[in-house]
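Text of target-v4.pdb, listed as PDB, C-alpha atoms:
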ATOM      1  CA  MET A 290      -2.875  -7.720 -15.319
ATOM      2  CA  PRO A 291      -1.273  -4.698 -17.043
ATOM      3  CA  LEU A 292      -3.546  -2.371 -19.003
ATOM      4  CA  ILE A 293      -3.109  -0.634 -22.353
ATOM      5  CA  VAL A 294      -3.621   3.077 -21.593
ATOM      6  CA  ASP A 295      -3.048   5.955 -24.012
ATOM      7  CA  ASN A 296      -2.385   9.579 -23.034
ATOM      8  CA  LEU A 297      -6.022  10.687 -23.150
ATOM      9  CA  GLN A 298      -7.186   7.731 -21.072
ATOM     10  CA  GLU A 299      -4.397   8.308 -18.544
ATOM     11  CA  LYS A 300      -5.470  11.935 -18.201
ATOM     12  CA  GLN A 301      -9.021  10.819 -17.451
ATOM     13  CA  LEU A 302      -7.818   8.216 -14.937
ATOM     14  CA  LEU A 303      -5.614  10.700 -13.097
ATOM     15  CA  SER A 304      -8.511  13.152 -12.900
ATOM     16  CA  ARG A 305     -10.773  10.496 -11.401
ATOM     17  CA  LEU A 306      -8.122   9.381  -8.922
ATOM     18  CA  GLN A 307      -7.659  13.003  -7.868
ATOM     19  CA  ALA A 308     -11.400  13.254  -7.171
ATOM     20  CA  ALA A 309     -11.323   9.939  -5.310
ATOM     21  CA  ARG A 310      -8.354  11.086  -3.225
ATOM     22  CA  GLN A 311     -10.046  14.306  -2.137
ATOM     23  CA  LEU A 312     -13.245  12.455  -1.278
ATOM     24  CA  TYR A 313     -11.273   9.888   0.728
ATOM     25  CA  ASN A 314      -9.455  12.606   2.698
ATOM     26  CA  ALA A 315     -12.750  14.377   3.416
ATOM     27  CA  CYS A 316     -14.339  11.147   4.653
ATOM     28  CA  LEU A 317     -11.273  10.294   6.714
ATOM     29  CA  ASN A 318     -11.294  13.720   8.357
ATOM     30  CA  GLU A 319     -14.982  13.410   9.239
ATOM     31  CA  ALA A 320     -14.549   9.836  10.488
ATOM     32  CA  MET A 321     -11.675  10.870  12.759
ATOM     33  CA  ALA A 322     -13.690  13.782  14.156
ATOM     34  CA  ARG A 323     -16.622  11.496  14.994
ATOM     35  CA  MET A 324     -14.290   8.835  16.361
ATOM     36  CA  ASN A 325     -12.713  11.325  18.784
ATOM     37  CA  LEU A 326     -16.170  12.398  19.969
ATOM     38  CA  VAL A 327     -17.100   8.761  20.595
ATOM     39  CA  ARG A 328     -13.840   7.934  22.376
ATOM     40  CA  ASN A 329     -14.104  10.972  24.682
ATOM     41  CA  SER A 330     -17.797  10.504  25.500
ATOM     42  CA  LYS A 331     -19.004   9.316  28.897
ATOM     43  CA  ALA A 332     -21.049   6.514  27.346
ATOM     44  CA  TYR A 333     -17.925   5.043  25.739
ATOM     45  CA  GLN A 334     -15.930   5.302  28.969
ATOM     46  CA  LEU A 335     -18.708   3.542  30.885
ATOM     47  CA  ALA A 336     -18.887   0.825  28.224
ATOM     48  CA  LYS A 337     -15.167   0.115  28.695
ATOM     49  CA  GLN A 338     -15.738  -0.507  32.400
ATOM     50  CA  ILE A 339     -18.254  -3.306  31.766
ATOM     51  CA  ASP A 340     -16.779  -6.730  32.459
ATOM     52  CA  ARG A 341     -15.860  -8.660  29.316
ATOM     53  CA  LYS A 342     -17.839 -11.694  30.403
ATOM     54  CA  TRP A 343     -21.024  -9.659  29.801
ATOM     55  CA  LYS A 344     -20.512  -9.617  26.058
ATOM     56  CA  LYS A 345     -24.054  -8.629  25.060
ATOM     57  CA  ALA A 346     -24.289  -5.708  27.484
ATOM     58  CA  ARG A 347     -20.793  -4.497  26.575
ATOM     59  CA  SER A 348     -21.498  -4.654  22.834
ATOM     60  CA  ASP A 349     -24.819  -2.819  23.208
ATOM     61  CA  ALA A 350     -23.138  -0.064  25.239
ATOM     62  CA  PHE A 351     -20.465   0.467  22.609
ATOM     63  CA  SER A 352     -23.100   0.506  19.841
ATOM     64  CA  ALA A 353     -25.125   3.121  21.718
ATOM     65  CA  ALA A 354     -22.036   5.326  22.105
ATOM     66  CA  ARG A 355     -21.371   5.085  18.361
ATOM     67  CA  GLN A 356     -24.952   5.793  17.368
ATOM     68  CA  ALA A 357     -25.021   8.926  19.506
ATOM     69  CA  TYR A 358     -22.387  10.516  17.259
ATOM     70  CA  ARG A 359     -23.343   8.728  13.995
ATOM     71  CA  TYR A 360     -20.063   6.878  13.803
ATOM     72  CA  SER A 361     -20.652   3.888  11.535
ATOM     73  CA  ASP A 362     -19.814   2.686   8.063
ATOM     74  CA  TYR A 363     -23.297   3.595   6.802
ATOM     75  CA  ASP A 364     -23.110   7.135   8.248
ATOM     76  CA  ILE A 365     -19.714   7.812   6.644
ATOM     77  CA  GLN A 366     -21.081   6.539   3.315
ATOM     78  CA  ALA A 367     -23.982   8.985   3.637
ATOM     79  CA  TYR A 368     -21.494  11.769   4.355
ATOM     80  CA  ALA A 369     -19.506  10.815   1.224
ATOM     81  CA  THR A 370     -22.676  11.159  -0.870
ATOM     82  CA  ILE A 371     -23.337  14.625   0.561
ATOM     83  CA  VAL A 372     -19.773  15.806  -0.103
ATOM     84  CA  SER A 373     -19.697  14.504  -3.672
ATOM     85  CA  ASN A 374     -23.085  16.014  -4.544
ATOM     86  CA  ARG A 375     -22.133  19.407  -3.153
ATOM     87  CA  SER A 376     -18.839  19.493  -5.047
ATOM     88  CA  LYS A 377     -20.576  18.322  -8.286
ATOM     89  CA  TRP A 378     -17.325  17.564 -10.114
ATOM     90  CA  ILE A 379     -16.607  14.643  -7.753
ATOM     91  CA  ALA A 380     -20.086  13.253  -8.443
ATOM     92  CA  ARG A 381     -19.396  13.486 -12.188
ATOM     93  CA  ALA A 382     -15.998  11.782 -11.897
ATOM     94  CA  ILE A 383     -16.774   9.087  -9.285
ATOM     95  CA  ASP A 384     -19.799   6.801  -9.361
ATOM     96  CA  SER A 385     -21.846   6.088  -6.224
ATOM     97  CA  ASN A 386     -20.493   2.545  -5.900
ATOM     98  CA  THR A 387     -16.901   3.767  -5.748
ATOM     99  CA  GLN A 388     -17.901   6.595  -3.375
ATOM    100  CA  GLN A 389     -19.230   4.060  -0.878
ATOM    101  CA  THR A 390     -16.053   1.982  -1.153
ATOM    102  CA  LEU A 391     -13.885   5.034  -0.440
ATOM    103  CA  ALA A 392     -16.042   5.898   2.582
ATOM    104  CA  THR A 393     -15.707   2.353   3.923
ATOM    105  CA  ARG A 394     -11.960   2.516   3.412
ATOM    106  CA  ALA A 395     -11.761   5.765   5.425
ATOM    107  CA  PHE A 396     -14.016   4.387   8.177
ATOM    108  CA  ARG A 397     -11.883   1.260   8.610
ATOM    109  CA  ALA A 398      -8.739   3.381   8.857
ATOM    110  CA  SER A 399     -10.284   5.412  11.699
ATOM    111  CA  GLU A 400     -11.492   2.225  13.391
ATOM    112  CA  LYS A 401      -7.907   0.988  13.674
ATOM    113  CA  VAL A 402      -7.092   4.050  15.781
ATOM    114  CA  LEU A 403     -10.174   3.472  17.937
ATOM    115  CA  PHE A 404      -9.230  -0.166  18.574
ATOM    116  CA  GLY A 405      -5.576   0.682  19.261
ATOM    117  CA  ARG A 406      -4.209  -1.123  16.192
ATOM    118  CA  ALA A 407      -2.788   2.162  14.830
ATOM    119  CA  LYS A 408      -1.580   5.406  16.381
ATOM    120  CA  SER A 409      -2.812   7.742  13.662
ATOM    121  CA  VAL A 410      -4.168   7.847  10.111
ATOM    122  CA  ARG A 411      -2.403   9.062   7.001
ATOM    123  CA  TYR A 412      -4.056  11.509   4.652
ATOM    124  CA  LYS A 413      -3.251  10.736   1.038
ATOM    125  CA  ILE A 414      -1.184  12.923  -1.262
ATOM    126  CA  PRO A 415      -1.373  12.375  -5.053
ATOM    127  CA  SER A 416       1.761  10.210  -5.160
ATOM    128  CA  ARG A 417       0.458   7.870  -2.418
ATOM    129  CA  PHE A 418      -3.104   7.398  -3.597
ATOM    130  CA  ARG A 419      -2.775   4.639  -6.161
ATOM    131  CA  SER A 420      -5.911   2.502  -6.257
ATOM    132  CA  VAL A 421      -9.709   2.524  -6.393
ATOM    133  CA  GLU A 422     -12.099  -0.400  -6.324
ATOM    134  CA  GLY A 423     -15.794  -1.196  -6.575
ATOM    135  CA  GLN A 424     -18.201  -3.105  -4.350
ATOM    136  CA  THR A 425     -19.602  -5.435  -6.992
ATOM    137  CA  ASN A 426     -18.998  -6.264 -10.622
ATOM    138  CA  LYS A 427     -22.370  -4.886 -11.728
ATOM    139  CA  GLN A 428     -21.669  -1.140 -11.818
ATOM    140  CA  GLY A 429     -18.872   1.361 -11.377
ATOM    141  CA  VAL A 430     -15.413  -0.141 -11.845
ATOM    142  CA  ARG A 431     -16.197  -3.548 -13.354
ATOM    143  CA  TRP A 432     -14.876  -6.335 -15.557
ATOM    144  CA  LYS A 433     -16.910  -6.895 -18.715
ATOM    145  CA  ASP A 434     -16.085  -8.710 -21.972
ATOM    146  CA  ASN A 435     -12.444  -9.239 -20.888
ATOM    147  CA  GLN A 436     -11.804  -5.533 -20.379
ATOM    148  CA  LEU A 437     -11.981  -2.934 -17.602
ATOM    149  CA  VAL A 438     -15.053  -0.707 -17.858
ATOM    150  CA  TRP A 439     -15.460   2.467 -15.796
ATOM    151  CA  GLY A 440     -18.123   4.744 -17.212
ATOM    152  CA  PHE A 441     -17.191   5.586 -20.792
ATOM    153  CA  LEU A 442     -13.610   4.348 -20.253
ATOM    154  CA  LYS A 443     -12.847   0.908 -21.651
ATOM    155  CA  LEU A 444      -9.297  -0.359 -21.060
ATOM    156  CA  LEU A 445      -7.922  -3.502 -22.665
ATOM    157  CA  PRO A 446      -5.597  -5.724 -20.589
ATOM    158  CA  ILE A 447      -2.465  -7.579 -21.660
ATOM    159  CA  ILE A 448      -3.438 -11.209 -21.025
ATOM    160  CA  ASP A 449      -0.759 -13.869 -20.795
ATOM    161  CA  LYS A 450      -2.564 -16.852 -22.289
ATOM    162  CA  ASN A 451       0.207 -19.262 -21.258
ATOM    163  CA  ASN A 452      -0.141 -18.371 -17.561
ATOM    164  CA  PRO A 453      -2.410 -20.947 -15.846
ATOM    165  CA  VAL A 454      -3.050 -18.609 -12.891
ATOM    166  CA  ILE A 455      -4.416 -15.889 -15.190
ATOM    167  CA  GLY A 456      -6.515 -18.420 -17.088
ATOM    168  CA  HIS A 457      -8.002 -19.804 -13.856
ATOM    169  CA  GLY A 458      -8.853 -16.289 -12.677
ATOM    170  CA  LEU A 459     -10.546 -15.292 -15.928
ATOM    171  CA  ASN A 460     -12.710 -18.426 -15.803
ATOM    172  CA  SER A 461     -13.829 -17.735 -12.199
ATOM    173  CA  PRO A 462     -16.735 -15.451 -11.169
ATOM    174  CA  VAL A 463     -15.568 -11.893 -10.458
ATOM    175  CA  LYS A 464     -16.677 -10.313  -7.163
ATOM    176  CA  TYR A 465     -15.183  -6.843  -7.667
ATOM    177  CA  VAL A 466     -12.376  -5.085  -9.527
ATOM    178  CA  ARG A 467      -9.486  -2.925  -8.344
ATOM    179  CA  LEU A 468      -7.704  -0.375 -10.562
ATOM    180  CA  LEU A 469      -4.203   0.718  -9.552
ATOM    181  CA  TRP A 470      -0.978   2.203 -10.886
ATOM    182  CA  ARG A 471       2.678   1.564 -10.097
ATOM    183  CA  GLU A 472       5.878   3.330 -11.015
ATOM    184  CA  LEU A 473       8.304   1.167 -13.008
ATOM    185  CA  ASN A 474      11.542   2.593 -14.399
ATOM    186  CA  GLY A 475      10.277   6.118 -13.799
ATOM    187  CA  ARG A 476       7.040   5.608 -15.765
ATOM    188  CA  ARG A 477       3.488   5.104 -14.541
ATOM    189  CA  ARG A 478       1.999   1.695 -15.374
ATOM    190  CA  TRP A 479      -1.684   0.848 -14.933
ATOM    191  CA  TYR A 480      -2.971  -2.526 -13.722
ATOM    192  CA  VAL A 481      -6.269  -4.256 -13.014
ATOM    193  CA  GLN A 482      -6.795  -6.753 -10.186
ATOM    194  CA  LEU A 483      -9.727  -9.168 -10.236
ATOM    195  CA  VAL A 484     -11.015 -10.432  -6.896
ATOM    196  CA  ASN A 485     -12.710 -13.742  -7.699
ATOM    197  CA  GLU A 486     -14.900 -16.300  -6.012
ATOM    198  CA  GLY A 487     -13.842 -19.893  -5.413
ATOM    199  CA  MET A 488     -10.527 -21.566  -4.668
ATOM    200  CA  PRO A 489      -7.217 -20.113  -5.942
ATOM    201  CA  TYR A 490      -5.142 -21.929  -8.518
ATOM    202  CA  GLN A 491      -2.472 -24.185  -7.065
ATOM    203  CA  LYS A 492       0.552 -25.169  -9.128
ATOM    204  CA  GLU A 493       1.644 -28.802  -9.079
ATOM    205  CA  LYS A 494       5.078 -27.953  -7.667
ATOM    206  CA  ASN A 495       3.539 -25.964  -4.791
ATOM    207  CA  TYR A 496       1.709 -28.844  -3.149
ATOM    208  CA  VAL A 497       1.147 -28.932   0.621
ATOM    209  CA  ALA A 498       2.704 -31.952   2.315
ATOM    210  CA  ASP A 499       1.247 -33.784   5.310
ATOM    211  CA  GLY A 500       2.835 -33.744   8.743
ATOM    212  CA  VAL A 501       3.779 -31.359  11.515
ATOM    213  CA  ILE A 502       6.620 -28.846  11.340
ATOM    214  CA  GLY A 503       7.965 -26.387  13.910
ATOM    215  CA  LEU A 504       9.418 -22.970  13.052
ATOM    216  CA  ASP A 505      11.700 -20.577  14.918
ATOM    217  CA  LEU A 506      11.909 -17.170  13.227
ATOM    218  CA  ASN A 507      15.063 -15.089  13.531
ATOM    219  CA  ILE A 508      16.036 -11.733  12.057
ATOM    220  CA  SER A 509      17.799 -13.164   9.011
ATOM    221  CA  ASN A 510      16.695 -16.820   8.881
ATOM    222  CA  VAL A 511      14.102 -19.364   9.951
ATOM    223  CA  ALA A 512      14.900 -22.654  11.681
ATOM    224  CA  PHE A 513      12.597 -25.603  10.939
ATOM    225  CA  VAL A 514      12.090 -29.024  12.445
ATOM    226  CA  GLY A 515      10.014 -31.498  10.466
ATOM    227  CA  ASP A 516       9.231 -35.180  10.708
ATOM    228  CA  ASN A 517      12.199 -36.154   8.549
ATOM    229  CA  LYS A 518      14.351 -33.019   8.195
ATOM    230  CA  ALA A 519      15.652 -30.076  10.168
ATOM    231  CA  GLY A 520      17.772 -27.092   9.242
ATOM    232  CA  ILE A 521      17.956 -23.352   8.665
ATOM    233  CA  LEU A 522      16.703 -21.335   5.689
ATOM    234  CA  SER A 523      17.901 -17.766   5.065
ATOM    235  CA  PHE A 524      15.465 -14.929   4.384
ATOM    236  CA  ALA A 525      15.898 -13.282   0.968
ATOM    237  CA  GLU A 526      19.283 -14.828   0.301
ATOM    238  CA  GLN A 527      21.648 -12.879  -2.003
ATOM    239  CA  VAL A 528      19.368  -9.847  -2.252
ATOM    240  CA  PRO A 529      20.942  -7.039  -4.330
ATOM    241  CA  THR A 530      21.060  -4.175  -1.817
ATOM    242  CA  TYR A 531      22.237  -1.494  -4.288
ATOM    243  CA  GLU A 532      23.832   0.153  -1.252
ATOM    244  CA  ARG A 533      26.557   2.033  -3.097
ATOM    245  CA  GLU A 534      24.229   3.198  -5.867
ATOM    246  CA  ILE A 535      21.553   4.425  -3.431
ATOM    247  CA  LYS A 536      24.094   6.315  -1.304
ATOM    248  CA  ALA A 537      25.534   8.004  -4.398
ATOM    249  CA  LEU A 538      22.051   9.089  -5.498
ATOM    250  CA  GLN A 539      21.270  10.371  -2.007
ATOM    251  CA  ARG A 540      24.388  12.543  -2.065
ATOM    252  CA  GLN A 541      23.369  13.966  -5.449
ATOM    253  CA  MET A 542      19.881  14.734  -4.114
ATOM    254  CA  GLN A 543      21.371  16.439  -1.056
ATOM    255  CA  ARG A 544      23.642  18.636  -3.169
ATOM    256  CA  SER A 545      20.740  19.628  -5.406
ATOM    257  CA  GLN A 546      18.582  20.543  -2.406
ATOM    258  CA  ARG A 547      21.300  22.686  -0.858
ATOM    259  CA  CYS A 548      21.855  24.594  -4.097
ATOM    260  CA  LEU A 549      18.161  25.402  -4.624
ATOM    261  CA  ASN A 550      17.188  25.950  -0.971
ATOM    262  CA  PRO A 551      20.096  27.718   0.781
ATOM    263  CA  LEU A 552      17.766  29.517   3.225
ATOM    264  CA  ASN A 553      16.383  26.200   4.518
ATOM    265  CA  TYR A 554      19.790  25.225   5.939
ATOM    266  CA  GLU A 555      21.869  26.586   8.758
ATOM    267  CA  PRO A 556      25.201  28.195   7.758
ATOM    268  CA  ASP A 557      28.296  26.023   7.362
ATOM    269  CA  PHE A 558      30.687  25.886  10.281
ATOM    270  CA  SER A 559      34.267  24.841  10.897
ATOM    271  CA  SER A 560      35.003  21.917  13.170
ATOM    272  CA  ARG A 561      38.426  21.340  14.655
ATOM    273  CA  LEU A 562      39.830  17.809  14.607
ATOM    274  CA  GLY A 563      43.068  17.837  16.550
ATOM    275  CA  ARG A 564      45.457  20.193  14.785
ATOM    276  CA  SER A 565      43.394  20.347  11.587
ATOM    277  CA  SER A 566      39.987  21.892  10.935
ATOM    278  CA  ALA A 567      37.243  20.922   8.515
ATOM    279  CA  ILE A 568      34.222  22.740   7.076
ATOM    280  CA  LYS A 569      30.962  20.943   7.837
ATOM    281  CA  LYS A 570      27.584  21.504   6.254
ATOM    282  CA  GLY A 571      24.833  23.080   8.315
ATOM    283  CA  LYS A 572      21.760  21.033   9.189
ATOM    284  CA  HIS A 573      18.379  21.790   7.656
ATOM    285  CA  LYS A 574      16.001  23.978   9.641
ATOM    286  CA  LYS A 575      13.124  21.993  11.095
ATOM    287  CA  GLU A 576      10.569  24.770  10.735
ATOM    288  CA  THR A 577      10.982  25.019   6.954
ATOM    289  CA  LYS A 578       8.067  23.658   4.915
ATOM    290  CA  GLN A 579       8.633  24.901   1.359
ATOM    291  CA  TRP A 580      11.253  23.159  -0.752
ATOM    292  CA  LYS A 581      12.186  23.740  -4.372
ATOM    293  CA  LYS A 582      12.853  20.572  -6.362
ATOM    294  CA  SER A 583      14.553  20.834  -9.729
ATOM    295  CA  LYS A 584      13.957  18.493 -12.641
ATOM    296  CA  THR A 585      17.378  16.979 -12.017
ATOM    297  CA  TYR A 586      16.413  16.260  -8.414
ATOM    298  CA  GLN A 587      13.171  14.587  -9.505
ATOM    299  CA  LYS A 588      15.053  12.483 -12.065
ATOM    300  CA  ILE A 589      17.541  11.297  -9.427
ATOM    301  CA  ALA A 590      14.688  10.576  -7.003
ATOM    302  CA  ARG A 591      13.006   8.360  -9.620
ATOM    303  CA  LYS A 592      16.229   6.368 -10.054
ATOM    304  CA  LYS A 593      16.472   5.903  -6.296
ATOM    305  CA  ARG A 594      12.852   4.741  -6.021
ATOM    306  CA  GLU A 595      13.404   2.247  -8.828
ATOM    307  CA  LEU A 596      16.417   0.694  -7.056
ATOM    308  CA  GLU A 597      14.473   0.450  -3.813
ATOM    309  CA  ARG A 598      11.540  -1.141  -5.654
ATOM    310  CA  ARG A 599      13.790  -3.766  -7.232
ATOM    311  CA  LYS A 600      15.319  -4.589  -3.870
ATOM    312  CA  SER A 601      11.920  -4.941  -2.215
ATOM    313  CA  ALA A 602      10.445  -7.007  -5.069
ATOM    314  CA  TYR A 603      13.347  -9.455  -5.036
ATOM    315  CA  ALA A 604      13.162  -9.847  -1.249
ATOM    316  CA  LYS A 605       9.422 -10.589  -1.406
ATOM    317  CA  SER A 606       9.947 -13.131  -4.177
ATOM    318  CA  GLN A 607      12.649 -14.986  -2.236
ATOM    319  CA  ASN A 608      10.631 -15.027   0.998
ATOM    320  CA  ARG A 609       7.596 -16.406  -0.814
ATOM    321  CA  ARG A 610       9.801 -19.131  -2.254
ATOM    322  CA  ILE A 611      10.818 -20.090   1.293
ATOM    323  CA  VAL A 612       7.147 -20.300   2.307
ATOM    324  CA  ASN A 613       6.426 -22.694  -0.571
ATOM    325  CA  GLU A 614       9.399 -24.849   0.375
ATOM    326  CA  ILE A 615       8.223 -25.072   3.976
ATOM    327  CA  LEU A 616       4.672 -26.009   2.940
ATOM    328  CA  ARG A 617       5.811 -28.853   0.724
ATOM    329  CA  HIS A 618       8.662 -29.947   3.080
ATOM    330  CA  ASP A 619      11.042 -29.887   0.107
ATOM    331  CA  PHE A 620      14.163 -28.334   1.629
ATOM    332  CA  ARG A 621      17.051 -28.156  -0.814
ATOM    333  CA  LEU A 622      19.899 -28.100   1.699
ATOM    334  CA  PRO A 623      23.537 -29.157   1.178
ATOM    335  CA  ASP A 624      24.203 -32.805   1.793
ATOM    336  CA  ALA A 625      26.898 -33.171   4.471
ATOM    337  CA  ARG A 626      28.281 -36.338   2.863
ATOM    338  CA  ASP A 627      29.029 -35.219  -0.668
ATOM    339  CA  GLY A 628      28.490 -31.429  -0.570
ATOM    340  CA  ARG A 629      25.780 -31.506  -3.227
ATOM    341  CA  ASN A 630      22.325 -29.840  -3.059
TER     342      ASN A 630
END
Could you take the file, read its structure, and then write that structure out as structure tokens?
Amino acid sequence: MPLIVDNLQEKQLLSRLQAARQLYNACLNEAMARMNLVRNSKAYQLAKQIDRKWKKARSDAFSAARQAYRYSDYDIQAYATIVSNRSKWIARAIDSNTQQTLATRAFRASEKVLFGRAKSVRYKIPSRFRSVEGQTNKQGVRWKDNQLVWGFLKLLPIIDKNNPVIGHGLNSPVKYVRLLWRELNGRRRWYVQLVNEGMPYQKEKNYVADGVIGLDLNISNVAFVGDNKAGILSFAEQVPTYEREIKALQRQMQRSQRCLNPLNYEPDFSSRLGRSSAIKKGKHKKETKQWKKSKTYQKIARKKRELERRKSAYAKSQNRRIVNEILRHDFRLPDARDGRN
């Protein structure tokens, strides 16, 4: 649900998210250091050689290798407490419940690298750190009296009373709360997400039909074979790509970058094409790290991000519609006899 946030409240929220981001990066760095020690240790290498049919012995060996270097969710949470208390301002901005959640989030990211489900982790910059959440609804970030409460901050939501999904969620027990922001039309919008107990609300039109259905996924469509029907459904049909608009904005951004950062590019050169020659722009130097970005560049970049967001949102909406159609076996395909849907 969207939140009503004034300028003073937004300033406080951004300050707390900045503290949460720095704590998360510190925990992630420590978790990766301990993970590398565990992965390179002899105990871990010996544990990998144990046959998988000896599950108990293999699990105990891996646990011993982790304990030797204090690589666990609890240990990273203890490290987060030490870091926040030493910095003082993080402890004032972030409650202990949220600190533990951030530590768990960092530990799980490092675990993906250990298990081979990811190649590396990504440290968060301010524009990519967009959410914080609590462990329970008793302290920290919580939902109380139909409003978000985080310390002295109390944020009122915009509740759509005619939405049955929202009504069902508000009447269900709340497990924990997530606070996040998104960029819409170049402006920051704040939202609250409630994670509830129980069964989710199911609309009458999105019923699940009985029977067996087979699917064959392709790049642009999905083929289905049901008990009574068969056919092909297109993924995200008629999605507005905004291709021309995005390319025009990219050219404007490139011109702005070249004007403000001439030293970050190689000199222009002439290229001969048959009897004629053309001046081509030099490529950017790979070793450059500092870039100047004008206000015009940032404005164009916001327009580009908004177009990409609209494209992505529409594609997700259309693909979810296809999923609902498959679940209820209600395929609205053209009739070969009369050409009607």
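Among A:Glu526, A:Asp362, A:Glu595, A:Glu422, the residue with the shortest atom-to-atom distance to Ala395 in chain A, counting all atoms listed in the file, is A:Asp362.
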* Excluding Val484 in chain A and any residue of its chain fewer than 4 positions from it, enumerate the residues within 6 Å of it, using only C-alpha atoms, and give them as JSON, numbers by chain. => {"A": [463, 464, 465]}
Output C-alpha atoms for every residue in the selection just made, as a PDB file, in the coordinates of the input.
ATOM      1  CA  VAL A 463     -15.568 -11.893 -10.458  1.00  0.00           C
ATOM      2  CA  LYS A 464     -16.677 -10.313  -7.163  1.00  0.00           C
ATOM      3  CA  TYR A 465     -15.183  -6.843  -7.667  1.00  0.00           C
TER       4      TYR A 465
END
Using all atoms listed in the file, find each residue in range 299-324 of chain A having at least one atom no more than 7 Å away from range 402-416 of chain A; report its shortest atom-to-atom pair and that distance in Å (one decimal), rows by chain then rising number, as a tab-separated table.
residue	atom	partner	partner_atom	distance
A:Gln307	CA	A:Pro415	CA	6.9
A:Arg310	CA	A:Lys413	CA	6.7
A:Asn314	CA	A:Tyr412	CA	5.8
A:Met324	CA	A:Leu403	CA	6.9
* Can you turn the PyMOL selection byres ((chain A and resi 320-323) around 7) into a concrete residue list for this file, as an MDAnalysis selection string? => chainID A and resid 316:319 324:327 358 360 365 396 399
* **Hits of the PyMOL selection byres ((chain A and resi 447) around 8) in this structure, as an MDAnalysis selection string** => chainID A and resid 290:293 445:446 448:449
Your completed range 347-363 of chain A with N, CA and C atoms, as a PDB file, keeping the file's coordinate frame:
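And here's out20.pdb as it stands now:
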ATOM      1  N   ARG A 347     -21.939  -5.309  26.978  1.00  0.00           N
ATOM      2  CA  ARG A 347     -20.793  -4.497  26.575  1.00  0.00           C
ATOM      3  C   ARG A 347     -20.922  -4.055  25.113  1.00  0.00           C
ATOM      4  N   SER A 348     -21.334  -4.979  24.250  1.00  0.00           N
ATOM      5  CA  SER A 348     -21.498  -4.654  22.834  1.00  0.00           C
ATOM      6  C   SER A 348     -22.606  -3.626  22.623  1.00  0.00           C
ATOM      7  N   ASP A 349     -23.718  -3.782  23.335  1.00  0.00           N
ATOM      8  CA  ASP A 349     -24.819  -2.819  23.208  1.00  0.00           C
ATOM      9  C   ASP A 349     -24.407  -1.433  23.684  1.00  0.00           C
ATOM     10  N   ALA A 350     -23.584  -1.364  24.732  1.00  0.00           N
ATOM     11  CA  ALA A 350     -23.138  -0.064  25.239  1.00  0.00           C
ATOM     12  C   ALA A 350     -22.230   0.636  24.238  1.00  0.00           C
ATOM     13  N   PHE A 351     -21.330  -0.123  23.629  1.00  0.00           N
ATOM     14  CA  PHE A 351     -20.465   0.467  22.609  1.00  0.00           C
ATOM     15  C   PHE A 351     -21.279   0.923  21.393  1.00  0.00           C
ATOM     16  N   SER A 352     -22.259   0.127  20.987  1.00  0.00           N
ATOM     17  CA  SER A 352     -23.100   0.506  19.841  1.00  0.00           C
ATOM     18  C   SER A 352     -23.895   1.771  20.128  1.00  0.00           C
ATOM     19  N   ALA A 353     -24.388   1.913  21.360  1.00  0.00           N
ATOM     20  CA  ALA A 353     -25.125   3.121  21.718  1.00  0.00           C
ATOM     21  C   ALA A 353     -24.233   4.353  21.688  1.00  0.00           C
ATOM     22  N   ALA A 354     -22.971   4.200  22.135  1.00  0.00           N
ATOM     23  CA  ALA A 354     -22.036   5.326  22.105  1.00  0.00           C
ATOM     24  C   ALA A 354     -21.726   5.734  20.667  1.00  0.00           C
ATOM     25  N   ARG A 355     -21.630   4.767  19.770  1.00  0.00           N
ATOM     26  CA  ARG A 355     -21.371   5.085  18.361  1.00  0.00           C
ATOM     27  C   ARG A 355     -22.575   5.751  17.707  1.00  0.00           C
ATOM     28  N   GLN A 356     -23.757   5.240  17.989  1.00  0.00           N
ATOM     29  CA  GLN A 356     -24.952   5.793  17.368  1.00  0.00           C
ATOM     30  C   GLN A 356     -25.211   7.227  17.803  1.00  0.00           C
ATOM     31  N   ALA A 357     -24.790   7.569  19.016  1.00  0.00           N
ATOM     32  CA  ALA A 357     -25.021   8.926  19.506  1.00  0.00           C
ATOM     33  C   ALA A 357     -24.289   9.962  18.660  1.00  0.00           C
ATOM     34  N   TYR A 358     -23.164   9.582  18.081  1.00  0.00           N
ATOM     35  CA  TYR A 358     -22.387  10.516  17.259  1.00  0.00           C
ATOM     36  C   TYR A 358     -22.338  10.098  15.801  1.00  0.00           C
ATOM     37  N   ARG A 359     -23.231   9.177  15.388  1.00  0.00           N
ATOM     38  CA  ARG A 359     -23.343   8.728  13.995  1.00  0.00           C
ATOM     39  C   ARG A 359     -21.994   8.271  13.438  1.00  0.00           C
ATOM     40  N   TYR A 360     -21.360   7.423  14.222  1.00  0.00           N
ATOM     41  CA  TYR A 360     -20.063   6.878  13.803  1.00  0.00           C
ATOM     42  C   TYR A 360     -20.263   5.422  13.394  1.00  0.00           C
ATOM     43  N   SER A 361     -20.486   5.226  12.094  1.00  0.00           N
ATOM     44  CA  SER A 361     -20.652   3.888  11.535  1.00  0.00           C
ATOM     45  C   SER A 361     -20.295   3.935  10.061  1.00  0.00           C
ATOM     46  N   ASP A 362     -20.148   2.766   9.482  1.00  0.00           N
ATOM     47  CA  ASP A 362     -19.814   2.686   8.063  1.00  0.00           C
ATOM     48  C   ASP A 362     -20.929   3.314   7.222  1.00  0.00           C
ATOM     49  N   TYR A 363     -22.167   3.050   7.568  1.00  0.00           N
ATOM     50  CA  TYR A 363     -23.297   3.595   6.802  1.00  0.00           C
ATOM     51  C   TYR A 363     -23.325   5.123   6.887  1.00  0.00           C
TER      52      TYR A 363
END
